[in-house]
Amino acid sequence: MKIPSAALHKLQQAAGKENVLTDDISLSLYAYDCSLSRTRPDALINLPSEDSIAPILRVLHEYRIPFVARAAATNHAGSCTALNGGVILNTAGLNRILQINTQEGYALVQPGVITGDLQDRLAPLGFFYAPDPASQRVSTLGGNLAQNASGARCMKYGGTIDHVLEADFVLPDGTEMHFSRRDPGPDWIGLLAGSEGTLGMIKRMKVKILPAAKHIKTFLVTFPSLADSVQTVSDLAAQGIIPRCVEAMDQVTTRAVEEFAHAGYPTDAQALLILELDGSPAQIAQDEKQLEDICLKNHAQQFIPAKTEAERQKLWFGRRAAYAAMARLAPNVMVGDGTVPRSELPRALQKVRHILDEHHIYASLLFHAGDGNFHPQIVFDERNKPDTIRVTRALKEILEACVDCGGTVSGEHGVGVEKRAVMAYQYDTPTLDLFTHIKQAADPLDLANPLKLIPLDYASKARPALPPEPSVRPLAQALADRRQAHAPILIAGANTCLRAKTFHTLSTRPLNRVLEIDKTNYTATAEAGVTLNELFEALRQASVFCALPQSPGTLGGAFASGCMPDFYPHVLGVEALLPDGSYVRYGGKLMKNAAGYHLTHLFAGSQGTLGLVTQLTFKIFAHPIRPVHVYPFVPGRVNPLWRALKTRLDPEDLFPALPGEPYV
Amino acid sequence: MSDFYTPQLDPLHPTRHLAALDTPFGPRAVYDSVSFCNRCGSCQQACPTYLFTSQETFSPRGRNQLVRLITEGKLKLTGENRTLAEQALNTCLLCGRCTQACAGKIPTAEHMLELRRTLRSQPLPRLLFKLLSCRASHPHTFARLVRTGLWLRRIGLLRVARTCGLTHLPGLNWLNHADDILPAYPVRSDRDAWREALADHPTVPTLLYLPSLEAEFLMPSLALSVLHLARQKHRPFVLSNVSSGLFAYVYGDLRQSRRQLRRLILRHGAVQNGTLPLLTDSVDVYLFLRRAPQLFAPWPRWQKKARQFAKHVVFVTDFLPAKALSAGKSARVRLDSGALFAREGTPFDQARKILKTHFKKNFVECLYKDADVPAFGYNFVRGNLGEKICMSAVRSIARTQTGTVFTLSGLSALELSFYLKRFYPQAQADHLARLNG
């Protein structure tokens with residue numbers, strides 16, 4: 001599309017004439033990222049300041065011009081190419097660290113700050129920022145949030161989503177918003193994480209910083225099979241030893257790395273783990289003993305601790321060289337990204353190797369064993385079209401195999417355009433419909449990074465929607481009846497927060513089963529109406545623990561009331577009934593999921609306004625952990641995004657109206 | 001490397017270009033080499049120009065993609081496109097930091113030079129280019145011109161011209177920067193000693209010394225220090241006022257560069273069958289000469305000779321003893337790795353090792369993003385950007401409270417000295433060869 005000259009003039013006024021570029025060369029050089037996707041935008045705007053974002057978006061909204069926010073463009077999914085043309089908003093210049101507060105443990109940053117730069121600034125202060133994507137030397141914090149990037153430390157510390165405390169955000173129509181993790185209501189920051197710029201633009205972020213570990217010890221362990229290495233990680237989690245990093249590679253990768261980097265990796269082992277412990281010296285010594293025992297129990301061939309810092313660096317050098325070892329072989333390296341439940345990892349990796357062999361593709365296989373996240377690195381030459389098609393097809397098959405193993409098509413790289421089609425393989429129509437509703441609520445004109453994330457024309461291709469569990473059907477029926485009668489309904493669990501006295505209460509108490517306690521993946525699945533006491537009893541019988549406190553109320557209430565925001569990161573999967581009667585399923589036993597909007601964070605704290613949460617999957621532990629803090633119940637603070645979403649999902653206010661607003 | 005048709009940047013003039021680039025993974029045509037860019041962006045934060053502009057156009061990834069698009073015929077170099085392409089390529093420092101950061105070791109600097117040759121782009125001021133070009137064609141005239149210029153500067157004529165504003169006339173701007181960075185007129189004792197060194201022709205030399213332009217004409221004390229180092233084990237013969245071909249390689253015509261290099265190879269071969277080491281005091285010249293074979297890819301006989309020749313090129317770090325310094329000196333030191341084409345490899349490793357051994361804990365390791373001074377006359381090409389980068393280097397020196405910065409070329413020492421004198425006089429810059437005075 002051609003940008004109207006009046007719009008261009010207004011954009012120049014908002015951003016400065018020198019910052020609005022429409023020349024051939026600039027547009028050609030903003031047509032790509034690290035994926036195969038290439039599309040030229042119609043204009044490029046180098047954002048001069050964060051305050052210029054809202055005025056620019058207002059102009060773009062006025063003239064219906066699509067836009068794509070782009071920072072370092074290091075993503076592998078084609079998330080920042082302008083598929084519909086329009087304007088690229090370059091945030092790379094917004095790279096100031098505004099404040100570091102070690103007392104309260106946060107850093108205030110602009111979205112273009114390089115993650116590695118923040119680490120460099122924090123290191124002399126004795127602090128660190130936990131998410132460590134492999135690209136942290138070049139990727140930006142804004143980009144990390146938009147993609148929900150994570151890295152080797154994810155098992156212990158979590159991903160970007162868990163480390164953003166506040167965010168200033170601009171909706172595509174130019175509305176400025178401020179989100180905080182402490183605000184009652186849905187976890188909007190969680191929803192933004194991994195939204196890939198499809199909901200608007202990040203203007204400023206407050207990120208959590210942590211005191212740096214003073215003592216770190218790294219180990220190299222080899223195993224005769226992938227299954228043994230994965231079982232080791234599960235056993236570690238069971239013993240309550242959460243390593244700082246758990247990195248793994250298979251034999252093909254070890255050989256490629258060793259040939260290139262000479263890091264001293266044994267090449268005869270089928271699997272190799274790099275484990276890192278941190279904490280006090282006494283704690284490390286204690287964990288090391290247990291670690292060695294667990295490794296040996298799982299048939300470890302070699303257990304090599306790094307004795308000096310130089311040895312430790314050498315071990316990591318090999319891991320870091322894995323990409324370079326492949327990059328020298330062919331012009332292109334396609335880095336795939338899939339996640340499966342940890343217990344499924346050996347089966348998934350076997351399938352992946354089979355697919356690669358079937359397509360005669362040479363690839364290395366790295367995986368974050370702690371999260372069940374793996375990265376096949378496929379080398380090819382994109383100038384060779386048949387070769388490229390073969391590789392793309394193989395990658396699609398790999399992702400489908402992931403889904404077949406109960407996994408997701410993206411653990412940390414995002415969906416963008418490259419994995420858009422396989423989203424239909426992972427999700428059913430109601431879930432994809434909900435994604436569409438979220439997108440349209442924030443961006444009704446489809447201007448922000450259009451055509452990404454959600455598959456096109458998915459109705460015919462999406463996974464068939466399964467009916468809800470028999471226990472949910474009575475609730476679904478009751479909901480349908482109320483909808484037909486145009487009568488509102490109030491969802492309650494044990495009624496401890498709302499203390500509702502109305503007849504129109506729909507209780508989740510019939511959903512009172514603990515469905516599964518999985519001690520391989522360390523997850524539990526329970527229905528929303530189960531009381532916390534019942535849940536604790538079930539966990540006690542299985543000798544496991546969770547982060548919820550001993551308090552009255554139900555699991556669903558603890559999740560949706562907003563009283564326990566620190567519990568949200570523990571929730572891995574959710575199932576919910578929507579006001580229109582559709583049933584959505586999201587996540588599961590996956591430690592990370594970057595495919596689609598984070599529905600777990602949307603329903604968290606939504607106070608029954610958006611849907612009825614019927615089932616949750618959450619993390620459990622082998623040892624008691626400190627329970628999350630319980631805040632008093634406060635009605636959520638309404639914002640334009642919540643209002644728009646409510647209007648789309650529940651136009652007749654079947655579920656409670658937003659706090660402080662009258663029923664329709 | 002590929003089995004496909006390989007498009008070329010300038011197919012009508014193959015001799016004006018390198019037939020293949022020498023990469024760590026074997027020779028590659030420019031198009032193949034540029035196609036190895038996976039667009040991962042690992043190079044972005046290593047590039048000084050990207051750090052200042054935050055624009056893809058001024059980043060290694062952008063520059064590589066630009067070359068690729070032009071080679072594939074997807075971008076036509078006419079009108080505005082040509083100007084912008086020249087801007088993108090001429091802002092490149094050719095420093096090789098991107099190559100260091102790149103997993104595929106893509107030689108972006110070489111791609112930029114190839115594009116420069118295609119566009120026949122001349123980034124240096126015309127007068128300065130003419131003056132420096134005549135070193136190869138008319139060495140005696142060049143020597144006379146430089147000496148006269150230095151003498152005129154000594155008697156204050158240049159200062160008068162600057163005061164009158166004459167140096168702000170179009171085409172003469174470079175004189176300001178030249179006046180800024182040039183050192184004081186060499187003292188008589190140095191000039192005499194250098195003259196003596198030139199007159200000294202050992203009957204059986206064991207080493208050839210190729211002094212850089214700045215060492216020979218501007219900093220004879222540097223040249224004498226290098227000679228002093230060399231004389232500890234060798235009987236050096238000085239190849240006075242001989243062009244290595246680097247200037248033509250970077251700013252001029254590749255064919256001239258080849259001619260000059262061929263002449264140098266022949267000259268080297270003429271003494272003791274080409275078995276003598278050839279010492280240079282500039283890391284830029286060293287790196288260029290080590291890459292000599294890639295200039296002769298279409299001529300196997302010459303390539304073989306160039307390979308033999310390149311093996312004998314040595315740098316001053318090969319002569320500096322790595323021994324611990326006697327107690328007393330405690331100022332912090334660091335290494336400025338500013339160079340053309342590369343930032344890693346033997347001379348850099350050796351230099352770091354020498355300084356570490358000498359100064360132990362007082363040696364300051366540079367951080368990932370610490371700037372180096374732009375090499376080989378970049379400040380005459382892009383003064384504004386060059387100044388920003390130099391200032392960034394000074395900031396980093398001040399931050400680490402460094403007392404002495406050692407460089408690997410005389411010109412970098414001159415540039416850095418000027419900025420340090422102005423903005424951080426507590427520190428000084430010198431060539432590594434003068435480590436022991």
# chains A, B, ... in the order shown; residues from 1 in each chain; ligands from 1
call {"tool": "residues_around", "arguments": {"residues": "range 349-352 of chain B", "least_positions_apart": "4", "cutoff": "7 Å", "atoms": "only C-alpha atoms", "output": "PyMOL selection string"}}
result
chain B and resi 317+345+356
call {"tool": "select_by_dssp", "arguments": {"residues": "range 116-363 of chain B", "states": "helix (DSSP H, G or I)", "output": "ChimeraX atom specification"}}
result
/B:116-119,126-137,139-154,157-164,166-168,174-181,188-199,213-218,220-231,246-251,254-270,272-274,283-290,292-296,300-311,316-318,346-362
call {"tool": "interface_residues", "arguments": {"of": "chain A", "to": "chain B", "cutoff": "7 Å", "atoms": "only C-alpha atoms", "output": "VMD selection string"}}
result
chain A and resid 24 to 26 29 33 to 34 74 92 to 93 138 324 327 to 328 330 to 333
call {"tool": "residues_around", "arguments": {"residues": "range 157-161 of chain A", "least_positions_apart": "3", "cutoff": "6 Å", "atoms": "only C-alpha atoms", "output": "list in words"}}
result
Pro131, Leu145, Asn148, Ala149, Ser150, Arg153, Cys154, Gly190 and Ala193 of chain A
call {"tool": "select_by_dssp", "arguments": {"residues": "range 245-471 of chain A", "states": "strand (DSSP E or B)", "output": "VMD selection string"}}
result
chain A and resid 245 to 250 271 to 278 302 to 305 332 to 335 338 to 339 363 to 368 373 to 380 408 428 448 463
call {"tool": "residues_around", "arguments": {"residues": "Thr408 in chain A", "least_positions_apart": "5", "cutoff": "7 Å", "atoms": "only C-alpha atoms", "output": "mmCIF file with C-alpha atoms, in the first residue's frame"}}
result
data_model
loop_
_atom_site.group_PDB
_atom_site.id
_atom_site.type_symbol
_atom_site.label_atom_id
_atom_site.label_comp_id
_atom_site.auth_asym_id
_atom_site.auth_seq_id
_atom_site.Cartn_x
_atom_site.Cartn_y
_atom_site.Cartn_z
ATOM 1 C CA GLY A 338 9.412 -27.092 20.107
ATOM 2 C CA THR A 339 8.467 -27.998 23.650
ATOM 3 C CA VAL A 340 7.000 -31.186 25.053
ATOM 4 C CA CYS A 402 5.757 -32.122 19.123
ATOM 5 C CA VAL A 403 2.040 -31.502 19.327
ATOM 6 C CA GLN A 426 -2.123 -27.464 17.946
ATOM 7 C CA ASN A 593 4.644 -22.235 25.854
ATOM 8 C CA ALA A 595 2.463 -20.354 20.981
#
call {"tool": "atom_distance", "arguments": {"atom1": "CA of Ser135 in chain A", "atom2": "CA of Arg204 in chain A"}}
result
20.7 Å
call {"tool": "closest_residue", "arguments": {"among": "A:Ala363, A:Ile389, A:Ile489, A:Leu610", "to": "Leu434 in chain A", "atoms": "only C-alpha atoms"}}
result
A:Leu610
call {"tool": "residues_around", "arguments": {"residues": "Cys80 in chain A", "least_positions_apart": "3", "cutoff": "8 Å", "atoms": "only C-alpha atoms", "output": "ChimeraX atom specification"}}
result
/A:32-33,68-70,73,75,196,416,449
call {"tool": "residues_around", "arguments": {"residues": "Ala306 in chain A", "least_positions_apart": "4", "cutoff": "7 Å", "atoms": "only C-alpha atoms", "output": "list in words"}}
result
Lys217, Thr218, Phe219, Glu311 and Arg312 of chain A
call {"tool": "residues_around", "arguments": {"residues": "Phe127 in chain A", "least_positions_apart": "2", "cutoff": "6 Å", "atoms": "only C-alpha atoms", "output": "PyMOL selection string"}}
result
chain A and resi 122-123+125+210-212
call {"tool": "closest_residue", "arguments": {"among": "B:Leu115, B:Leu182, B:Leu222, B:Val160", "to": "Leu416 in chain B", "atoms": "only C-alpha atoms"}}
result
B:Leu182
call {"tool": "atom_distance", "arguments": {"atom1": "CA of Asp23 in chain A", "atom2": "CA of Arg97 in chain B"}}
result
27.8 Å
call {"tool": "closest_residue", "arguments": {"among": "B:Ala193, B:Ala184, B:Leu127, B:Val314", "to": "Leu210 in chain B", "atoms": "only C-alpha atoms"}}
result
B:Val314
